[in-house]
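Undergrad: This one is coords-v8.cif, mmCIF, C-alpha atoms and all ligand atoms.
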data_coords
loop_
_atom_site.label_atom_id
_atom_site.label_comp_id
_atom_site.auth_asym_id
_atom_site.auth_seq_id
_atom_site.Cartn_x
_atom_site.Cartn_y
_atom_site.Cartn_z
CA MET A 63 -8.44 26.50 8.74
CA ASN A 64 -5.35 24.30 8.58
CA THR A 65 -2.48 26.85 8.54
CA LEU A 66 -0.09 23.95 7.94
CA THR A 67 -1.14 24.03 4.29
CA ASP A 68 -0.79 27.79 3.84
CA PRO A 69 2.17 28.36 1.45
CA VAL A 70 3.23 31.61 3.17
CA ALA A 71 3.07 30.06 6.66
CA ILE A 72 4.94 26.96 5.42
CA ARG A 73 7.69 29.09 3.85
CA ALA A 74 8.08 31.05 7.09
CA LEU A 75 8.22 27.82 9.16
CA LEU A 76 10.78 26.19 6.85
CA ASP A 77 12.96 29.32 6.74
CA ARG A 78 12.84 29.75 10.50
CA HIS A 79 14.20 26.21 10.89
CA GLY A 80 16.54 26.36 7.89
CA PHE A 81 14.78 23.36 6.34
CA HIS A 82 15.24 22.35 2.69
CA PHE A 83 13.16 19.70 0.89
CA SER A 84 14.78 16.37 0.15
CA LYS A 85 13.79 14.91 -3.21
CA SER A 86 15.11 11.46 -2.31
CA LEU A 87 12.72 11.33 0.68
CA GLY A 88 9.73 12.11 -1.55
CA GLN A 89 9.04 15.36 0.28
CA ASN A 90 6.06 17.00 -1.44
CA PHE A 91 4.01 18.80 1.21
CA LEU A 92 0.32 19.60 0.77
CA ILE A 93 -0.67 23.26 0.33
CA ASP A 94 -4.43 22.79 -0.26
CA ALA A 95 -6.29 22.60 3.06
CA SER A 96 -9.17 20.60 1.60
CA VAL A 97 -6.92 17.64 0.71
CA PRO A 98 -5.67 16.54 4.18
CA GLU A 99 -9.22 17.13 5.42
CA ARG A 100 -10.70 14.80 2.77
CA ILE A 101 -8.02 12.14 3.28
CA ALA A 102 -8.52 12.16 7.07
CA GLU A 103 -12.30 12.00 6.59
CA ALA A 104 -11.99 9.06 4.20
CA VAL A 105 -10.22 6.79 6.70
CA GLN A 106 -13.31 7.10 8.95
CA ALA A 107 -11.45 7.40 12.24
CA ASP A 108 -13.22 8.01 15.56
CA GLU A 109 -12.22 8.13 19.23
CA ASN A 110 -11.75 4.36 19.26
CA SER A 111 -9.26 4.40 16.38
CA GLY A 112 -5.48 4.39 16.47
CA VAL A 113 -4.04 5.72 13.24
CA LEU A 114 -0.56 4.98 11.93
CA GLU A 115 0.66 7.81 9.70
CA ILE A 116 3.80 7.33 7.63
CA GLY A 117 5.66 10.54 6.77
CA PRO A 118 3.93 13.39 8.65
CA GLY A 119 6.18 16.06 7.04
CA ILE A 120 5.24 19.24 8.92
CA GLY A 121 2.04 17.66 10.23
CA CYS A 122 -0.93 18.93 8.15
CA LEU A 123 -2.56 15.49 7.86
CA THR A 124 -1.44 14.56 11.39
CA ALA A 125 -3.38 17.55 12.75
CA GLU A 126 -6.53 16.52 10.87
CA LEU A 127 -6.22 12.93 12.15
CA SER A 128 -5.54 14.10 15.69
CA GLY A 129 -8.90 15.91 15.67
CA ARG A 130 -10.75 12.74 14.68
CA ALA A 131 -8.92 9.69 16.11
CA GLY A 132 -8.22 8.44 19.63
CA LYS A 133 -4.50 8.35 18.93
CA VAL A 134 -2.12 9.06 16.04
CA LEU A 135 1.25 7.38 15.76
CA ALA A 136 3.31 9.23 13.14
CA VAL A 137 6.55 7.71 11.82
CA GLU A 138 8.93 10.15 10.10
CA LEU A 139 12.32 9.26 8.64
CA ASP A 140 13.71 12.79 8.43
CA ASN A 141 15.08 13.84 11.85
CA ARG A 142 15.41 17.42 10.62
CA LEU A 143 11.61 17.67 10.85
CA LYS A 144 11.59 17.05 14.62
CA PRO A 145 11.80 20.71 15.75
CA LEU A 146 9.19 21.71 13.14
CA LEU A 147 6.76 18.98 14.22
CA ASP A 148 7.35 19.79 17.91
CA GLU A 149 6.20 23.30 17.05
CA THR A 150 3.29 22.52 14.69
CA LEU A 151 1.81 19.70 16.78
CA SER A 152 2.47 21.16 20.24
CA GLY A 153 -0.47 20.60 22.58
CA ARG A 154 -1.82 17.63 20.59
CA GLU A 155 -1.71 15.07 23.40
CA ASN A 156 -2.99 12.20 21.27
CA VAL A 157 -0.09 12.36 18.77
CA GLU A 158 3.04 10.26 19.27
CA LEU A 159 5.97 10.94 16.94
CA LEU A 160 8.51 8.28 16.14
CA PHE A 161 11.62 8.99 14.08
CA GLY A 162 12.75 6.07 11.96
CA ASP A 163 12.42 4.30 8.62
CA ALA A 164 8.92 2.84 8.20
CA LEU A 165 10.43 0.14 5.96
CA LYS A 166 12.75 -1.08 8.73
CA LEU A 167 10.13 -1.26 11.47
CA ASN A 168 8.04 -4.29 12.34
CA LEU A 169 4.73 -2.49 11.82
CA ARG A 170 2.65 -5.22 13.44
CA GLU A 171 4.71 -5.27 16.66
CA LEU A 172 4.83 -1.48 16.70
CA VAL A 173 1.08 -0.88 16.49
CA LEU A 174 0.24 -3.77 18.83
CA GLU A 175 2.48 -2.05 21.38
CA LYS A 176 1.54 1.58 20.72
CA LEU A 177 -2.13 1.25 19.72
CA PRO A 178 -3.11 -1.88 21.69
CA GLN A 179 -6.81 -1.27 22.34
CA GLN A 180 -7.70 0.81 19.29
CA THR A 181 -9.09 -0.16 15.90
CA LYS A 182 -5.97 0.09 13.80
CA LEU A 183 -5.98 2.29 10.69
CA VAL A 184 -3.35 3.68 8.32
CA CYS A 185 -3.61 7.14 6.79
CA ALA A 186 -0.79 8.83 4.87
CA ASN A 187 0.40 10.93 2.00
CA LEU A 188 3.03 8.34 1.12
CA PRO A 189 6.50 9.20 -0.19
CA TYR A 190 6.33 8.08 -3.83
CA ASN A 191 9.64 6.25 -3.86
CA ILE A 192 8.51 3.66 -1.28
CA THR A 193 4.84 3.18 -2.22
CA SER A 194 4.90 -0.52 -3.14
CA PRO A 195 7.24 -1.82 -0.38
CA VAL A 196 5.50 0.18 2.33
CA LEU A 197 2.02 -0.89 1.19
CA THR A 198 3.21 -4.51 1.07
CA ALA A 199 4.56 -4.19 4.64
CA ILE A 200 1.25 -2.64 5.78
CA LEU A 201 -0.75 -5.50 4.23
CA GLU A 202 1.58 -8.17 5.59
CA ALA A 203 1.27 -6.68 9.10
CA ASP A 204 -2.30 -8.01 8.83
CA CYS A 205 -3.76 -5.86 11.60
CA PHE A 206 -5.18 -2.75 9.90
CA GLU A 207 -8.94 -2.44 9.32
CA ARG A 208 -8.67 0.41 6.81
CA ILE A 209 -5.81 1.99 4.90
CA CYS A 210 -6.34 5.35 3.23
CA VAL A 211 -3.35 6.64 1.32
CA MET A 212 -2.39 9.12 -1.35
CA ILE A 213 -0.10 7.62 -3.99
CA GLN A 214 0.73 8.19 -7.68
CA ARG A 215 -2.39 7.87 -9.81
CA GLU A 216 -0.74 5.25 -12.00
CA VAL A 217 -0.06 2.97 -8.98
CA ALA A 218 -3.59 3.56 -7.66
CA HIS A 219 -5.00 2.38 -11.00
CA ARG A 220 -2.74 -0.69 -10.93
CA ILE A 221 -3.98 -1.58 -7.45
CA CYS A 222 -7.64 -1.33 -8.45
CA ALA A 223 -7.28 -2.99 -11.90
CA GLY A 224 -9.18 -6.11 -12.96
CA PRO A 225 -8.10 -8.89 -15.37
CA GLY A 226 -7.30 -8.17 -18.99
CA GLY A 227 -5.73 -4.70 -18.99
CA LYS A 228 -2.08 -3.67 -18.92
CA GLU A 229 -2.48 -2.14 -15.44
CA TYR A 230 -3.41 -5.52 -13.95
CA GLY A 231 -0.53 -7.39 -12.32
CA ALA A 232 0.90 -9.21 -9.32
CA PHE A 233 0.55 -6.10 -7.12
CA SER A 234 -3.18 -5.73 -7.97
CA LEU A 235 -3.72 -9.33 -6.90
CA LEU A 236 -1.67 -9.01 -3.70
CA VAL A 237 -3.67 -5.96 -2.57
CA GLN A 238 -7.01 -7.44 -3.66
CA TRP A 239 -6.29 -10.68 -1.82
CA TYR A 240 -6.09 -8.88 1.53
CA THR A 241 -8.42 -5.90 0.94
CA GLU A 242 -11.20 -4.36 -1.13
CA PRO A 243 -9.67 -1.31 -2.83
CA GLU A 244 -11.59 1.85 -3.80
CA LEU A 245 -10.32 4.72 -5.92
CA LEU A 246 -11.59 7.86 -4.13
CA PHE A 247 -10.32 11.04 -5.83
CA ASP A 248 -7.42 12.60 -7.74
CA VAL A 249 -5.15 15.37 -6.46
CA SER A 250 -3.44 17.76 -8.88
CA PRO A 251 0.32 18.48 -8.69
CA HIS A 252 -0.66 22.13 -7.92
CA CYS A 253 -1.75 21.05 -4.43
CA PHE A 254 1.86 20.39 -3.35
CA VAL A 255 5.12 22.19 -2.70
CA PRO A 256 7.38 21.38 -4.44
CA GLN A 257 5.08 20.21 -7.27
CA PRO A 258 5.47 16.55 -8.23
CA LYS A 259 5.53 15.65 -11.95
CA VAL A 260 2.49 13.39 -11.80
CA THR A 261 -1.11 13.41 -10.58
CA SER A 262 -1.85 11.66 -7.28
CA SER A 263 -4.87 9.62 -6.22
CA VAL A 264 -6.33 8.77 -2.86
CA ILE A 265 -7.36 5.17 -2.35
CA ARG A 266 -9.03 3.33 0.51
CA LEU A 267 -8.29 -0.34 1.18
CA THR A 268 -10.75 -2.11 3.47
CA LYS A 269 -9.53 -5.33 5.06
CA ARG A 270 -11.46 -8.40 3.99
CA GLU A 271 -13.12 -10.40 6.80
CA LYS A 272 -11.76 -13.52 5.13
CA PRO A 273 -9.83 -14.23 1.91
CA PRO A 274 -11.95 -13.91 -1.26
CA CYS A 275 -11.53 -17.64 -1.99
CA PHE A 276 -10.05 -20.75 -0.41
CA VAL A 277 -6.39 -21.66 -1.00
CA SER A 278 -4.57 -24.47 0.74
CA ASP A 279 -1.21 -22.66 0.56
CA GLU A 280 -1.13 -18.84 0.45
CA ALA A 281 2.66 -18.64 -0.11
CA LEU A 282 2.27 -20.90 -3.16
CA LEU A 283 -0.55 -18.69 -4.51
CA PHE A 284 1.77 -15.68 -4.48
CA ARG A 285 4.64 -17.66 -6.06
CA ILE A 286 2.30 -18.67 -8.87
CA ILE A 287 1.06 -15.09 -9.35
CA ARG A 288 4.63 -13.74 -9.43
CA ALA A 289 5.70 -16.42 -11.92
CA ALA A 290 2.68 -15.66 -14.15
CA PHE A 291 3.43 -11.92 -14.29
CA ASN A 292 7.24 -12.12 -14.38
CA GLN A 293 6.87 -13.15 -18.00
CA ARG A 294 3.47 -11.70 -18.79
CA ARG A 295 3.89 -11.84 -22.59
CA LYS A 296 4.23 -15.64 -22.40
CA THR A 297 1.33 -18.05 -22.10
CA LEU A 298 0.60 -19.08 -18.53
CA VAL A 299 1.90 -22.60 -19.24
CA ASN A 300 5.27 -21.24 -20.39
CA ALA A 301 5.48 -18.63 -17.63
CA LEU A 302 4.69 -21.13 -14.86
CA SER A 303 6.94 -23.90 -16.14
CA ALA A 304 9.78 -21.34 -16.42
CA GLY A 305 9.12 -19.78 -13.03
CA LEU A 306 8.35 -22.85 -10.91
CA PRO A 307 11.23 -25.36 -10.83
CA GLY A 308 10.17 -28.95 -11.44
CA LEU A 309 6.81 -28.13 -12.99
CA ARG A 310 6.54 -29.75 -16.43
CA LYS A 311 4.54 -28.08 -19.23
CA GLU A 312 2.31 -31.17 -19.69
CA GLU A 313 1.43 -31.13 -16.01
CA CYS A 314 0.67 -27.45 -16.21
CA GLU A 315 -1.61 -27.96 -19.26
CA ARG A 316 -3.43 -30.75 -17.44
CA ILE A 317 -4.03 -28.45 -14.45
CA LEU A 318 -5.39 -25.63 -16.63
CA LYS A 319 -7.83 -28.10 -18.22
CA VAL A 320 -8.97 -29.29 -14.76
CA CYS A 321 -9.52 -25.63 -13.88
CA ASP A 322 -11.58 -25.06 -17.06
CA LEU A 323 -8.99 -22.69 -18.52
CA ASP A 324 -7.69 -22.49 -22.09
CA THR A 325 -4.18 -23.96 -22.29
CA ASN A 326 -3.05 -20.93 -24.38
CA ILE A 327 -4.30 -18.37 -21.87
CA ARG A 328 -2.03 -15.65 -20.45
CA GLY A 329 -1.83 -14.90 -16.72
CA GLU A 330 -3.22 -11.39 -17.19
CA LYS A 331 -6.64 -12.85 -18.11
CA LEU A 332 -7.04 -14.76 -14.83
CA ASN A 333 -8.87 -13.53 -11.75
CA LEU A 334 -8.03 -14.37 -8.14
CA GLY A 335 -10.44 -17.33 -8.19
CA ASP A 336 -8.61 -18.85 -11.19
CA PHE A 337 -5.23 -18.43 -9.49
CA ALA A 338 -6.66 -20.01 -6.33
CA LYS A 339 -7.90 -23.07 -8.27
CA ILE A 340 -4.49 -23.52 -9.91
CA THR A 341 -2.80 -23.20 -6.51
CA ASN A 342 -4.98 -25.90 -4.98
CA GLU A 343 -4.31 -28.28 -7.89
CA LEU A 344 -0.56 -27.64 -7.76
CA ALA A 345 -0.43 -28.03 -3.99
CA ASP A 346 -1.78 -31.59 -4.47
CA LEU A 347 1.08 -32.60 -6.77
CA THR A 348 3.67 -34.69 -4.99
CA ASN A 349 6.29 -34.69 -7.76
CA PHE A 350 6.53 -30.88 -7.76
CA ASP A 351 9.03 -29.18 -5.49
CA LEU A 352 6.71 -26.60 -3.90
CA TYR A 353 9.39 -24.44 -2.45
CA GLY A 354 11.92 -24.79 -5.24
CA LYS A 355 14.69 -25.96 -2.89
N1 LIG B 1 2.26 14.28 5.31
C1 LIG B 1 2.91 15.41 4.70
C2 LIG B 1 1.97 16.11 3.76
O1 LIG B 1 0.99 15.47 3.35
O2 LIG B 1 2.19 17.27 3.43
C3 LIG B 1 4.22 15.02 4.00
C4 LIG B 1 4.07 13.93 2.96
S1 LIG B 1 5.54 13.72 1.99
C5 LIG B 1 4.81 13.15 0.47
C6 LIG B 1 6.26 12.19 2.57
C7 LIG B 1 6.91 12.22 3.93
O3 LIG B 1 7.43 10.92 4.21
C8 LIG B 1 8.09 13.16 4.11
O4 LIG B 1 7.95 13.88 5.30
C9 LIG B 1 9.33 12.25 4.18
O5 LIG B 1 10.38 12.77 4.94
C10 LIG B 1 8.71 11.00 4.82
N2 LIG B 1 9.43 9.73 4.53
C11 LIG B 1 10.14 9.39 3.41
N3 LIG B 1 10.60 8.14 3.50
C12 LIG B 1 10.16 7.65 4.70
C13 LIG B 1 10.32 6.40 5.37
N4 LIG B 1 11.02 5.39 4.80
N5 LIG B 1 9.77 6.25 6.59
C14 LIG B 1 9.06 7.26 7.17
N6 LIG B 1 8.87 8.47 6.57
C15 LIG B 1 9.42 8.66 5.36
#
As structure tokens, how would this structure be written, given the file I've shared?
TA:
Amino acid sequence: MNTLTDPVAIRALLDRHGFHFSKSLGQNFLIDASVPERIAEAVQADENSGVLEIGPGIGCLTAELSGRAGKVLAVELDNRLKPLLDETLSGRENVELLFGDALKLNLRELVLEKLPQQTKLVCANLPYNITSPVLTAILEADCFERICVMIQREVAHRICAGPGGKEYGAFSLLVQWYTEPELLFDVSPHCFVPQPKVTSSVIRLTKREKPPCFVSDEALLFRIIRAAFNQRRKTLVNALSAGLPGLRKEECERILKVCDLDTNIRGEKLNLGDFAKITNELADLTNFDLYGK
């Protein structure tokens, strides 16, 4: 039984330390023991794994991970939680706590230093206000085999969305380029204190062995995707010629034809393979200023 999710025990712990929740830090702590257990199980850690947790709170998920993984490195921004975590995680030799802002750390350097030999995983109940930037930083660190996180349901659906719907966007494509996402289960607001306004979902992102398709210039692929979705109501030709300096509409139409795409198509209808083909065609153009300098 994980007493770190028992509302009465949590209240007593918080009162003893004079701790008050901070809304701006996205502090919604779990009070249903089955949830941290299921999240920790879903990341599939074993004694060879090193798990990075972002935002341990009072440590309910940290404790579950500590029982499964070789090592847990937990990064917490709120210094006020230090005495609480020292108490709740005392005796857990495989947990290292680090106080700092996960968004300001170089996650790759950090885990290469702290979890050098282990298979690197991420597992967290993420603070809602930093979901997208922290997930982007985790993906860009390019060293995690699996990432299992709880986030707002709406963001989880955006991440897993395919072409055509309103949930599909640049963030779906960024995540799907690096990983294969799976929507695992929903968690009701009743499972937290204080209760958030929205339902949460747990997702698992499994690193791809190699990118899903070939592109000659990955940075250009993401510039094209951003340009396509910055003005998603426009046709792709209009969105790209507006978003990529020096790219003429006629050139853009010619490229779409080469790629077997309708010249009136919108970006939201394209899959990663289509964006990759466009990238490779554009990268070959010599009269186009690739980096918009
Ligand atoms: N893991 C706990 C649980 O599941 O009950 C707490 C999760 S709570 C949703 C998010 C945690 O992230 C809080 O402890 C908060 O202080 C911490 N946090 C917020 N912003 C952070 C940041 N930029 N870097 C590291 N931790 C952060």
Undergrad: Nearest to Ile265 (chain A) among A:Ala131, A:Cys253, A:Ala102, A:Glu343, with distances taken over all atoms listed in the file: which residue is it?
TA: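 Looking only at the distances to Ile265 (chain A), the closest residue turns out to be A:Ala102.
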Undergrad: Would you please work out which residue, of A:Ser234, A:Gln257, A:Gln293, A:Asn187, is nearest to ligand LIG 1 (chain B) when using only C-alpha atoms and all ligand atoms?
TA: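 Of A:Ser234, A:Gln257, A:Gln293, A:Asn187, the one nearest ligand LIG 1 (chain B), counting only C-alpha atoms and all ligand atoms, is A:Asn187.
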Undergrad: Smallest atom-to-atom distance to ligand LIG 1 (chain B): which of A:Asn110, A:Ser250, A:Asn326, A:Thr193, using all atoms listed in the file?
TA: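 So, comparing all the options, the nearest one is A:Thr193.
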Undergrad: Taking all atoms listed in the file into account, report as an MDAnalysis selection string which residues have an atom no farther than 7 Å from an atom of ligand LIG 1 (chain B).
TA: chainID A and resid 87:92 98 116:123 137:140 162:165 186:190 192
Undergrad: Please provide as a ChimeraX atom specification all residues within 9 Å of Val299 (chain A), with the sequence filter that same-chain residues fewer than 5 positions apart are discarded (counting all atoms listed in the file).
TA: /A:290,304,310-312,314-315,318,325-329
Undergrad: From the options A:Tyr230, A:Tyr240, A:Phe161, A:Phe284, which residue's atoms come nearest to Lys144 (chain A), counting only C-alpha atoms?
TA: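 Nearest candidate to Lys144 (chain A) out of A:Tyr230, A:Tyr240, A:Phe161, A:Phe284: A:Phe161.
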Undergrad: Nearest to Cys185 (chain A): which of A:Leu245, A:Leu114, A:Leu236, A:Leu172 is it, counting only C-alpha atoms?
TA: A:Leu114
Undergrad: As a ChimeraX atom specification, please: the residues near Glu330 (chain A) (cut-off 7 Å, all atoms listed in the file, same-chain neighbours under 2 positions excluded).
TA: /A:225-226,230-231,294,328,332
Undergrad: Would you mind telling me which residue in A:Arg100, A:Lys176, A:Arg142, A:Ser303 lies nearest to Leu127 (chain A) when using all atoms listed in the file?
TA: A:Arg100
Undergrad: Determine, counting all atoms listed in the file, which protein, DNA and RNA residues have an atom within 8 Å of an atom of Arg130 (chain A); residues of the same chain fewer than 5 positions away are not included. Present the result as a VMD selection string.
TA: chain A and resid 102 107 to 109
Undergrad: To one decimal in Å, tell me the separation between CA of Val249 (chain A) and CA of Ser263 (chain A).
TA: 5.8 Å
Undergrad: Quick check, in Å to one decimal: how far apart do CA of Val113 (chain A) and CA of Glu242 (chain A) lie?
TA: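 So the two atoms, CA of Val113 (chain A) and CA of Glu242 (chain A), lie 19.0 Å apart.
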